[in-house]
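Novice: Contents of start.pdb (PDB, C-alpha atoms, pLDDT in the B column) are below:
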```pdb
ATOM      1  CA  MET Z1295     -14.516  30.489   6.469  1.00 88.00           C
ATOM      2  CA  VAL Z1296     -11.312  32.125   5.349  1.00 92.00           C
ATOM      3  CA  ASP Z1297      -9.844  34.582   7.873  1.00 91.00           C
ATOM      4  CA  ILE Z1298      -9.972  38.036   6.246  1.00 91.00           C
ATOM      5  CA  SER Z1299      -9.055  40.051   9.344  1.00 90.00           C
ATOM      6  CA  GLY Z1300      -5.621  41.009   7.945  1.00 87.00           C
ATOM      7  CA  LYS Z1301      -6.915  42.191   4.579  1.00 89.00           C
ATOM      8  CA  GLU Z1302      -7.373  45.836   3.636  1.00 87.00           C
ATOM      9  CA  SER Z1303     -10.815  47.245   2.961  1.00 92.00           C
ATOM     10  CA  THR Z1304     -11.225  48.316  -0.642  1.00 93.00           C
ATOM     11  CA  VAL Z1305     -14.139  49.264  -2.882  1.00 96.00           C
ATOM     12  CA  ARG Z1306     -15.335  46.082  -4.552  1.00 97.00           C
ATOM     13  CA  THR Z1307     -17.711  45.594  -7.445  1.00 98.00           C
ATOM     14  CA  ALA Z1308     -18.959  42.487  -9.247  1.00 98.00           C
ATOM     15  CA  VAL Z1309     -21.202  42.094 -12.282  1.00 98.00           C
ATOM     16  CA  ALA Z1310     -22.990  38.799 -12.912  1.00 98.00           C
ATOM     17  CA  VAL Z1311     -25.403  37.842 -15.675  1.00 98.00           C
ATOM     18  CA  SER Z1312     -27.969  35.165 -16.333  1.00 98.00           C
ATOM     19  CA  LYS Z1313     -30.783  34.635 -18.785  1.00 98.00           C
ATOM     20  CA  VAL Z1314     -34.068  32.836 -19.111  1.00 98.00           C
ATOM     21  CA  THR Z1315     -34.950  31.405 -22.514  1.00 98.00           C
ATOM     22  CA  MET Z1316     -38.663  31.019 -23.138  1.00 98.00           C
ATOM     23  CA  ASN Z1317     -41.314  30.899 -25.819  1.00 98.00           C
ATOM     24  CA  PRO Z1318     -41.935  34.187 -27.620  1.00 98.00           C
ATOM     25  CA  SER Z1319     -45.496  34.195 -26.229  1.00 98.00           C
ATOM     26  CA  THR Z1320     -44.162  34.012 -22.659  1.00 98.00           C
ATOM     27  CA  LEU Z1321     -41.788  36.930 -23.204  1.00 98.00           C
ATOM     28  CA  GLU Z1322     -44.623  38.891 -24.796  1.00 98.00           C
ATOM     29  CA  ALA Z1323     -46.862  38.195 -21.776  1.00 98.00           C
ATOM     30  CA  ILE Z1324     -44.118  39.439 -19.429  1.00 98.00           C
ATOM     31  CA  ARG Z1325     -43.611  42.592 -21.483  1.00 96.00           C
ATOM     32  CA  GLU Z1326     -47.358  43.261 -21.620  1.00 96.00           C
ATOM     33  CA  GLY Z1327     -47.954  42.570 -17.914  1.00 96.00           C
ATOM     34  CA  ARG Z1328     -50.217  39.573 -18.555  1.00 97.00           C
ATOM     35  CA  ILE Z1329     -48.672  37.137 -16.060  1.00 97.00           C
ATOM     36  CA  GLY Z1330     -51.212  36.183 -13.390  1.00 96.00           C
ATOM     37  CA  LYS Z1331     -48.805  36.414 -10.451  1.00 96.00           C
ATOM     38  CA  GLY Z1332     -48.045  40.073 -11.136  1.00 97.00           C
ATOM     39  CA  ASP Z1333     -45.229  42.266 -12.453  1.00 98.00           C
ATOM     40  CA  VAL Z1334     -42.543  39.690 -13.228  1.00 98.00           C
ATOM     41  CA  LEU Z1335     -39.606  42.070 -13.535  1.00 98.00           C
ATOM     42  CA  ALA Z1336     -40.454  44.058 -10.404  1.00 98.00           C
ATOM     43  CA  VAL Z1337     -40.762  40.909  -8.308  1.00 98.00           C
ATOM     44  CA  ALA Z1338     -37.596  39.395  -9.836  1.00 98.00           C
ATOM     45  CA  GLN Z1339     -35.713  42.607  -9.044  1.00 98.00           C
ATOM     46  CA  ILE Z1340     -36.770  42.451  -5.393  1.00 98.00           C
ATOM     47  CA  ALA Z1341     -35.915  38.733  -5.225  1.00 98.00           C
ATOM     48  CA  GLY Z1342     -32.468  39.424  -6.653  1.00 98.00           C
ATOM     49  CA  ILE Z1343     -31.802  42.175  -4.121  1.00 98.00           C
ATOM     50  CA  GLN Z1344     -32.950  39.911  -1.284  1.00 98.00           C
ATOM     51  CA  GLY Z1345     -30.737  37.126  -2.631  1.00 98.00           C
ATOM     52  CA  ALA Z1346     -27.692  39.410  -2.690  1.00 98.00           C
ATOM     53  CA  LYS Z1347     -28.346  40.568   0.872  1.00 98.00           C
ATOM     54  CA  LYS Z1348     -28.817  36.990   2.147  1.00 98.00           C
ATOM     55  CA  THR Z1349     -26.025  35.255   0.227  1.00 98.00           C
ATOM     56  CA  SER Z1350     -24.159  34.227   3.383  1.00 97.00           C
ATOM     57  CA  ASP Z1351     -27.348  32.452   4.543  1.00 97.00           C
ATOM     58  CA  TRP Z1352     -27.390  30.374   1.323  1.00 93.00           C
ATOM     59  CA  ILE Z1353     -23.686  29.774   0.671  1.00 96.00           C
ATOM     60  CA  PRO Z1354     -22.044  28.246   3.768  1.00 95.00           C
ATOM     61  CA  MET Z1355     -18.528  29.705   3.493  1.00 95.00           C
ATOM     62  CA  CYS Z1356     -19.523  33.258   2.444  1.00 96.00           C
ATOM     63  CA  HIS Z1357     -18.912  36.123   4.824  1.00 96.00           C
ATOM     64  CA  PRO Z1358     -21.926  38.292   5.653  1.00 96.00           C
ATOM     65  CA  LEU Z1359     -21.353  41.632   3.933  1.00 96.00           C
ATOM     66  CA  ALA Z1360     -22.761  45.127   4.240  1.00 96.00           C
ATOM     67  CA  LEU Z1361     -23.604  45.882   0.624  1.00 98.00           C
ATOM     68  CA  THR Z1362     -23.535  49.488  -0.537  1.00 98.00           C
ATOM     69  CA  GLY Z1363     -25.460  48.895  -3.752  1.00 98.00           C
ATOM     70  CA  VAL Z1364     -27.329  46.292  -5.782  1.00 98.00           C
ATOM     71  CA  ASP Z1365     -28.479  47.213  -9.284  1.00 98.00           C
ATOM     72  CA  ILE Z1366     -30.502  44.739 -11.357  1.00 98.00           C
ATOM     73  CA  ARG Z1367     -31.349  45.403 -14.985  1.00 98.00           C
ATOM     74  CA  PHE Z1368     -33.348  43.356 -17.454  1.00 98.00           C
ATOM     75  CA  HIS Z1369     -32.972  43.285 -21.238  1.00 98.00           C
ATOM     76  CA  ASP Z1370     -34.598  41.071 -23.820  1.00 98.00           C
ATOM     77  CA  ASN Z1371     -33.832  40.122 -27.391  1.00 97.00           C
ATOM     78  CA  GLY Z1372     -37.397  40.830 -28.481  1.00 95.00           C
ATOM     79  CA  VAL Z1373     -37.982  37.173 -29.254  1.00 98.00           C
ATOM     80  CA  ASP Z1374     -37.298  34.538 -26.603  1.00 98.00           C
ATOM     81  CA  GLU Z1375     -34.575  35.576 -24.138  1.00 98.00           C
ATOM     82  CA  LEU Z1376     -34.749  37.691 -21.007  1.00 98.00           C
ATOM     83  CA  GLN Z1377     -31.292  38.731 -19.803  1.00 98.00           C
ATOM     84  CA  ILE Z1378     -30.478  39.670 -16.229  1.00 98.00           C
ATOM     85  CA  GLU Z1379     -27.498  41.863 -15.303  1.00 98.00           C
ATOM     86  CA  VAL Z1380     -26.621  42.438 -11.660  1.00 98.00           C
ATOM     87  CA  THR Z1381     -24.044  44.865 -10.260  1.00 98.00           C
ATOM     88  CA  VAL Z1382     -23.187  44.580  -6.562  1.00 98.00           C
ATOM     89  CA  LYS Z1383     -20.922  46.979  -4.642  1.00 98.00           C
ATOM     90  CA  THR Z1384     -19.405  47.169  -1.190  1.00 97.00           C
ATOM     91  CA  GLU Z1385     -16.408  48.559   0.631  1.00 96.00           C
ATOM     92  CA  GLY Z1386     -14.826  45.757   2.568  1.00 94.00           C
ATOM     93  CA  LYS Z1387     -12.272  43.005   2.975  1.00 94.00           C
ATOM     94  CA  THR Z1388     -13.809  40.438   0.635  1.00 94.00           C
ATOM     95  CA  GLY Z1389     -15.399  40.503  -2.789  1.00 94.00           C
ATOM     96  CA  VAL Z1390     -19.026  40.481  -3.865  1.00 97.00           C
ATOM     97  CA  GLU Z1391     -18.860  37.931  -6.675  1.00 98.00           C
ATOM     98  CA  MET Z1392     -21.066  35.438  -4.831  1.00 98.00           C
ATOM     99  CA  GLU Z1393     -23.603  38.140  -4.003  1.00 98.00           C
ATOM    100  CA  ALA Z1394     -23.876  39.121  -7.676  1.00 98.00           C
ATOM    101  CA  LEU Z1395     -24.182  35.496  -8.808  1.00 98.00           C
ATOM    102  CA  THR Z1396     -26.778  34.747  -6.135  1.00 98.00           C
ATOM    103  CA  ALA Z1397     -28.800  37.811  -7.103  1.00 98.00           C
ATOM    104  CA  ALA Z1398     -28.772  36.825 -10.790  1.00 98.00           C
ATOM    105  CA  SER Z1399     -29.802  33.283  -9.883  1.00 98.00           C
ATOM    106  CA  ALA Z1400     -32.599  34.415  -7.556  1.00 98.00           C
ATOM    107  CA  ALA Z1401     -33.954  36.783 -10.211  1.00 98.00           C
ATOM    108  CA  ALA Z1402     -33.897  34.027 -12.856  1.00 98.00           C
ATOM    109  CA  LEU Z1403     -35.599  31.538 -10.544  1.00 98.00           C
ATOM    110  CA  THR Z1404     -38.264  34.106  -9.705  1.00 98.00           C
ATOM    111  CA  ILE Z1405     -38.954  34.707 -13.393  1.00 98.00           C
ATOM    112  CA  TYR Z1406     -39.359  30.958 -13.819  1.00 98.00           C
ATOM    113  CA  ASP Z1407     -41.658  30.706 -10.794  1.00 98.00           C
ATOM    114  CA  MET Z1408     -43.886  33.542 -11.933  1.00 98.00           C
ATOM    115  CA  CYS Z1409     -44.203  32.206 -15.491  1.00 98.00           C
ATOM    116  CA  LYS Z1410     -44.282  28.441 -14.921  1.00 98.00           C
ATOM    117  CA  ALA Z1411     -48.080  28.268 -15.221  1.00 97.00           C
ATOM    118  CA  MET Z1412     -47.676  29.521 -18.783  1.00 97.00           C
ATOM    119  CA  GLN Z1413     -44.556  27.524 -19.678  1.00 98.00           C
ATOM    120  CA  LYS Z1414     -42.724  24.758 -17.819  1.00 98.00           C
ATOM    121  CA  ASP Z1415     -39.800  24.211 -20.224  1.00 98.00           C
ATOM    122  CA  MET Z1416     -38.059  27.577 -19.817  1.00 98.00           C
ATOM    123  CA  ILE Z1417     -34.266  27.315 -19.618  1.00 98.00           C
ATOM    124  CA  ILE Z1418     -32.223  29.202 -17.029  1.00 98.00           C
ATOM    125  CA  GLY Z1419     -28.614  30.075 -17.752  1.00 98.00           C
ATOM    126  CA  PRO Z1420     -25.863  30.297 -18.300  1.00 98.00           C
ATOM    127  CA  THR Z1421     -25.229  32.280 -15.144  1.00 98.00           C
ATOM    128  CA  MET Z1422     -21.737  33.726 -14.906  1.00 98.00           C
ATOM    129  CA  LEU Z1423     -19.488  36.389 -13.462  1.00 98.00           C
ATOM    130  CA  ASN Z1424     -18.799  39.041 -16.112  1.00 98.00           C
ATOM    131  CA  SER Z1425     -16.402  41.205 -14.121  1.00 98.00           C
ATOM    132  CA  LYS Z1426     -15.099  42.111 -10.706  1.00 98.00           C
ATOM    133  CA  SER Z1427     -12.900  44.863  -9.363  1.00 96.00           C
ATOM    134  CA  GLY Z1428     -11.079  45.543  -6.134  1.00 93.00           C
ATOM    135  CA  GLY Z1429      -9.168  43.367  -3.748  1.00 88.00           C
ATOM    136  CA  LYS Z1430      -5.785  41.670  -3.554  1.00 83.00           C
ATOM    137  CA  ASN Z1431      -6.328  39.499  -6.641  1.00 86.00           C
ATOM    138  CA  GLY Z1432      -7.123  42.491  -8.841  1.00 88.00           C
ATOM    139  CA  ASP Z1433      -9.678  42.945 -11.562  1.00 95.00           C
ATOM    140  CA  PHE Z1434     -11.342  40.334 -13.756  1.00 96.00           C
ATOM    141  CA  SER Z1435     -13.277  40.828 -16.963  1.00 97.00           C
ATOM    142  CA  ARG Z1436     -14.739  38.087 -19.140  1.00 94.00           C
TER
END
```
Would you write out, as structure tokens, the structure that this file holds?

Specialist:
Amino acid sequence: MVDISGKESTVRTAVAVSKVTMNPSTLEAIREGRIGKGDVLAVAQIAGIQGAKKTSDWIPMCHPLALTGVDIRFHDNGVDELQIEVTVKTEGKTGVEMEALTAASAAALTIYDMCKAMQKDMIIGPTMLNSKSGGKNGDFSR
């Protein structure tokens, strides 16, 4: 891992997005609460938060971080796409980009898992960092 002991603590924020493309009938079933495993968006939100909190367990060179906030929002296009937007915040010596990306990925994978009995050919992605703020390297916005 990179030595961050000499870096200053700053407020850091990262926003990552992903999406799951599916059949219109699958999206409709999610919206109407007709998926057999339960409330897809509630479970995906919890999975995303857990993923953000456990990122250093999944990604070998990530520092374990004390996160101050994880916000996960879902939007759909009304037809066949479910979008995931994750905002992660901390005050520390290293950024939260990986935590935001992991949370978006975990949420997307959970959506797939919960809906796979209905549809196996859903497509996950792209997953990407939309923005980040704080730190020595400054801000980034796609």

Novice: Could you tell me which of Z:Ser1312, Z:Leu1321, Z:Thr1404, Z:Val1382 comes closest to Met1422 (chain Z) if we count all atoms listed in the file?

Specialist: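 Counting all atoms listed in the file, the residue closest to Met1422 (chain Z) is Z:Ser1312.
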
Novice: Interatomic distance between CA of Glu1375 (chain Z) and CA of Arg1436 (chain Z)?

Specialist: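 CA of Glu1375 (chain Z) sits 20.6 Å away from CA of Arg1436 (chain Z).
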
Novice: Can you turn the PyMOL selection byres ((chain Z and resi 1313) around 10) into a concrete residue list for this file, as a PDB file with C-alpha atoms, in the frame of the given file?

Specialist:
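The result, stored in result38.pdb:
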```
ATOM      1  CA  VAL Z1311     -25.403  37.842 -15.675  1.00 98.00           C
ATOM      2  CA  SER Z1312     -27.969  35.165 -16.333  1.00 98.00           C
ATOM      3  CA  VAL Z1314     -34.068  32.836 -19.111  1.00 98.00           C
ATOM      4  CA  THR Z1315     -34.950  31.405 -22.514  1.00 98.00           C
ATOM      5  CA  MET Z1316     -38.663  31.019 -23.138  1.00 98.00           C
ATOM      6  CA  PHE Z1368     -33.348  43.356 -17.454  1.00 98.00           C
ATOM      7  CA  HIS Z1369     -32.972  43.285 -21.238  1.00 98.00           C
ATOM      8  CA  ASP Z1370     -34.598  41.071 -23.820  1.00 98.00           C
ATOM      9  CA  GLU Z1375     -34.575  35.576 -24.138  1.00 98.00           C
ATOM     10  CA  LEU Z1376     -34.749  37.691 -21.007  1.00 98.00           C
ATOM     11  CA  GLN Z1377     -31.292  38.731 -19.803  1.00 98.00           C
ATOM     12  CA  ILE Z1378     -30.478  39.670 -16.229  1.00 98.00           C
ATOM     13  CA  GLU Z1379     -27.498  41.863 -15.303  1.00 98.00           C
ATOM     14  CA  ALA Z1398     -28.772  36.825 -10.790  1.00 98.00           C
ATOM     15  CA  SER Z1399     -29.802  33.283  -9.883  1.00 98.00           C
ATOM     16  CA  ALA Z1401     -33.954  36.783 -10.211  1.00 98.00           C
ATOM     17  CA  ALA Z1402     -33.897  34.027 -12.856  1.00 98.00           C
ATOM     18  CA  ILE Z1405     -38.954  34.707 -13.393  1.00 98.00           C
ATOM     19  CA  ILE Z1417     -34.266  27.315 -19.618  1.00 98.00           C
ATOM     20  CA  ILE Z1418     -32.223  29.202 -17.029  1.00 98.00           C
ATOM     21  CA  GLY Z1419     -28.614  30.075 -17.752  1.00 98.00           C
ATOM     22  CA  PRO Z1420     -25.863  30.297 -18.300  1.00 98.00           C
ATOM     23  CA  THR Z1421     -25.229  32.280 -15.144  1.00 98.00           C
ATOM     24  CA  MET Z1422     -21.737  33.726 -14.906  1.00 98.00           C
TER      25      MET Z1422
END
```

Novice: Take CA of Gly1386 (chain Z) and CA of Thr1349 (chain Z) and report the distance between them in Å, one decimal.

Specialist: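 It comes out at 15.5 Å.
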
Novice: Could you check the closest approach to Pro1318 (chain Z) for each of Z:Ala1338, Z:Val1390, Z:Ile1298, Z:Val1373 and tell me which residue wins, using all atoms listed in the file?

Specialist: Z:Val1373

Novice: Which one of Z:Ala1360, Z:Met1392, Z:Ile1324, Z:Ile1343 sits closest to Ala1308 (chain Z) if you count all atoms listed in the file?

Specialist: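 Ranking Z:Ala1360, Z:Met1392, Z:Ile1324, Z:Ile1343 by distance to Ala1308 (chain Z), first place goes to Z:Met1392.
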
Novice: Give me the result of the PyMOL selection byres ((chain Z and resi 1381) around 7) on this file, residue by residue, as a PyMOL selection string.

Specialist: chain Z and resi 1307-1310+1364-1366+1379-1380+1382-1383+1394

Novice: Run the PyMOL selection byres ((chain Z and resi 1429) around 9) on the file and write out the hits as a PyMOL selection string.

Specialist: chain Z and resi 1301-1306+1386-1389+1427-1428+1430-1433

Novice: In Å, with one decimal, what is the gap from CA of Gly1345 (chain Z) to CA of Leu1395 (chain Z)?

Specialist: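 That distance, rounded to one decimal, is 9.2 Å.
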
Novice: Using only C-alpha atoms for the distances, tell me which of Z:Val1296, Z:Val1337, Z:Leu1423, Z:Leu1361 is nearest to Cys1409 (chain Z).

Specialist: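 The shortest atom-to-atom distance to Cys1409 (chain Z) comes from Z:Val1337.
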
Novice: Centre and edge lengths, as lines of an AutoDock Vina configuration file, for the axis-aligned box enclosing every listed atom of region 1417-1429 of chain Z with 6 Å of padding on each of the six sides, in Å to one decimal?

Specialist:
```
center_x = -21.7
center_y = 36.4
center_z = -11.7
size_x = 37.1
size_y = 30.2
size_z = 27.9
```

Novice: From the set Z:Asn1317, Z:Thr1396, Z:Gln1339, Z:Asn1371, which residue has the shortest atom-to-atom contact distance to Trp1352 (chain Z), counting only C-alpha atoms?

Specialist: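 Using only C-alpha atoms, the shortest distance to Trp1352 (chain Z) belongs to Z:Thr1396.
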
Novice: For a quick check of understanding, using all atoms listed in the file, which of Z:Ala1400, Z:Met1355, Z:Met1295, Z:Leu1335 has the smallest distance to Arg1367 (chain Z)?

Specialist: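 Using all atoms listed in the file, Arg1367 (chain Z) sits closest to Z:Leu1335.
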
Novice: Since fewer atoms than expected are present, regenerate all heavy atoms for region 1346-1357 of chain Z and write them as a compact mmCIF listing (two decimals), in the coordinates of the input.

Specialist:
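Writing the result to rebuild_13.txt gives the following:
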```txt
# COMPACT_ATOMS: atom_id res chain seq x y z
N ALA Z 1346 -29.02 38.83 -2.92
CA ALA Z 1346 -27.69 39.41 -2.69
C ALA Z 1346 -27.47 39.67 -1.21
O ALA Z 1346 -26.40 39.37 -0.66
CB ALA Z 1346 -27.54 40.71 -3.49
N LYS Z 1347 -28.47 40.23 -0.54
CA LYS Z 1347 -28.35 40.57 0.87
C LYS Z 1347 -28.24 39.34 1.76
O LYS Z 1347 -27.66 39.41 2.85
CB LYS Z 1347 -29.55 41.42 1.30
CG LYS Z 1347 -29.54 42.81 0.68
CD LYS Z 1347 -30.85 43.54 0.82
CE LYS Z 1347 -31.20 43.84 2.25
NZ LYS Z 1347 -32.43 44.67 2.36
N LYS Z 1348 -28.78 38.21 1.33
CA LYS Z 1348 -28.82 36.99 2.15
C LYS Z 1348 -27.86 35.90 1.64
O LYS Z 1348 -27.99 34.75 2.03
CB LYS Z 1348 -30.24 36.43 2.17
CG LYS Z 1348 -31.24 37.33 2.87
CD LYS Z 1348 -30.96 37.37 4.34
CE LYS Z 1348 -32.08 38.03 5.11
NZ LYS Z 1348 -31.86 37.95 6.55
N THR Z 1349 -26.92 36.26 0.81
CA THR Z 1349 -26.02 35.26 0.23
C THR Z 1349 -25.33 34.41 1.29
O THR Z 1349 -25.23 33.19 1.15
CB THR Z 1349 -24.99 35.92 -0.70
OG1 THR Z 1349 -25.69 36.54 -1.78
CG2 THR Z 1349 -24.00 34.91 -1.26
N SER Z 1350 -24.87 35.01 2.36
CA SER Z 1350 -24.16 34.23 3.38
C SER Z 1350 -25.09 33.24 4.08
O SER Z 1350 -24.61 32.28 4.69
CB SER Z 1350 -23.49 35.15 4.41
OG SER Z 1350 -24.46 35.87 5.14
N ASP Z 1351 -26.40 33.43 4.00
CA ASP Z 1351 -27.35 32.45 4.54
C ASP Z 1351 -27.49 31.25 3.62
O ASP Z 1351 -27.86 30.16 4.07
CB ASP Z 1351 -28.73 33.08 4.74
CG ASP Z 1351 -28.76 34.10 5.86
OD1 ASP Z 1351 -27.82 34.13 6.69
OD2 ASP Z 1351 -29.72 34.89 5.90
N TRP Z 1352 -27.23 31.44 2.32
CA TRP Z 1352 -27.39 30.37 1.32
C TRP Z 1352 -26.10 29.63 1.05
O TRP Z 1352 -26.12 28.43 0.81
CB TRP Z 1352 -27.85 30.96 0.00
CG TRP Z 1352 -29.22 31.53 -0.06
CD1 TRP Z 1352 -30.08 31.80 0.97
CD2 TRP Z 1352 -29.91 31.91 -1.24
NE1 TRP Z 1352 -31.24 32.32 0.49
CE2 TRP Z 1352 -31.17 32.40 -0.86
CE3 TRP Z 1352 -29.58 31.87 -2.59
CZ2 TRP Z 1352 -32.11 32.85 -1.78
CZ3 TRP Z 1352 -30.51 32.34 -3.51
CH2 TRP Z 1352 -31.76 32.82 -3.11
N ILE Z 1353 -24.98 30.35 1.05
CA ILE Z 1353 -23.69 29.77 0.67
C ILE Z 1353 -22.85 29.66 1.94
O ILE Z 1353 -22.43 30.68 2.50
CB ILE Z 1353 -22.96 30.65 -0.38
CG1 ILE Z 1353 -23.89 31.00 -1.56
CG2 ILE Z 1353 -21.68 29.99 -0.85
CD1 ILE Z 1353 -24.35 29.82 -2.39
N PRO Z 1354 -22.59 28.45 2.41
CA PRO Z 1354 -22.04 28.25 3.77
C PRO Z 1354 -20.75 28.98 4.09
O PRO Z 1354 -20.58 29.44 5.21
CB PRO Z 1354 -21.83 26.73 3.84
CG PRO Z 1354 -22.78 26.16 2.85
CD PRO Z 1354 -22.89 27.17 1.75
N MET Z 1355 -19.82 29.11 3.17
CA MET Z 1355 -18.53 29.70 3.49
C MET Z 1355 -18.42 31.18 3.14
O MET Z 1355 -17.34 31.77 3.22
CB MET Z 1355 -17.40 28.93 2.80
CG MET Z 1355 -17.30 27.49 3.24
SD MET Z 1355 -17.04 27.36 5.01
CE MET Z 1355 -17.41 25.64 5.26
N CYS Z 1356 -19.53 31.81 2.75
CA CYS Z 1356 -19.52 33.26 2.44
C CYS Z 1356 -19.59 34.08 3.72
O CYS Z 1356 -20.33 33.76 4.64
CB CYS Z 1356 -20.71 33.62 1.56
SG CYS Z 1356 -20.44 33.32 -0.16
N HIS Z 1357 -18.84 35.17 3.72
CA HIS Z 1357 -18.91 36.12 4.82
C HIS Z 1357 -20.16 36.98 4.66
O HIS Z 1357 -20.49 37.38 3.55
CB HIS Z 1357 -17.68 37.04 4.82
CG HIS Z 1357 -16.41 36.34 5.10
ND1 HIS Z 1357 -15.68 35.69 4.13
CD2 HIS Z 1357 -15.72 36.18 6.26
CE1 HIS Z 1357 -14.60 35.15 4.67
NE2 HIS Z 1357 -14.59 35.44 5.96
```
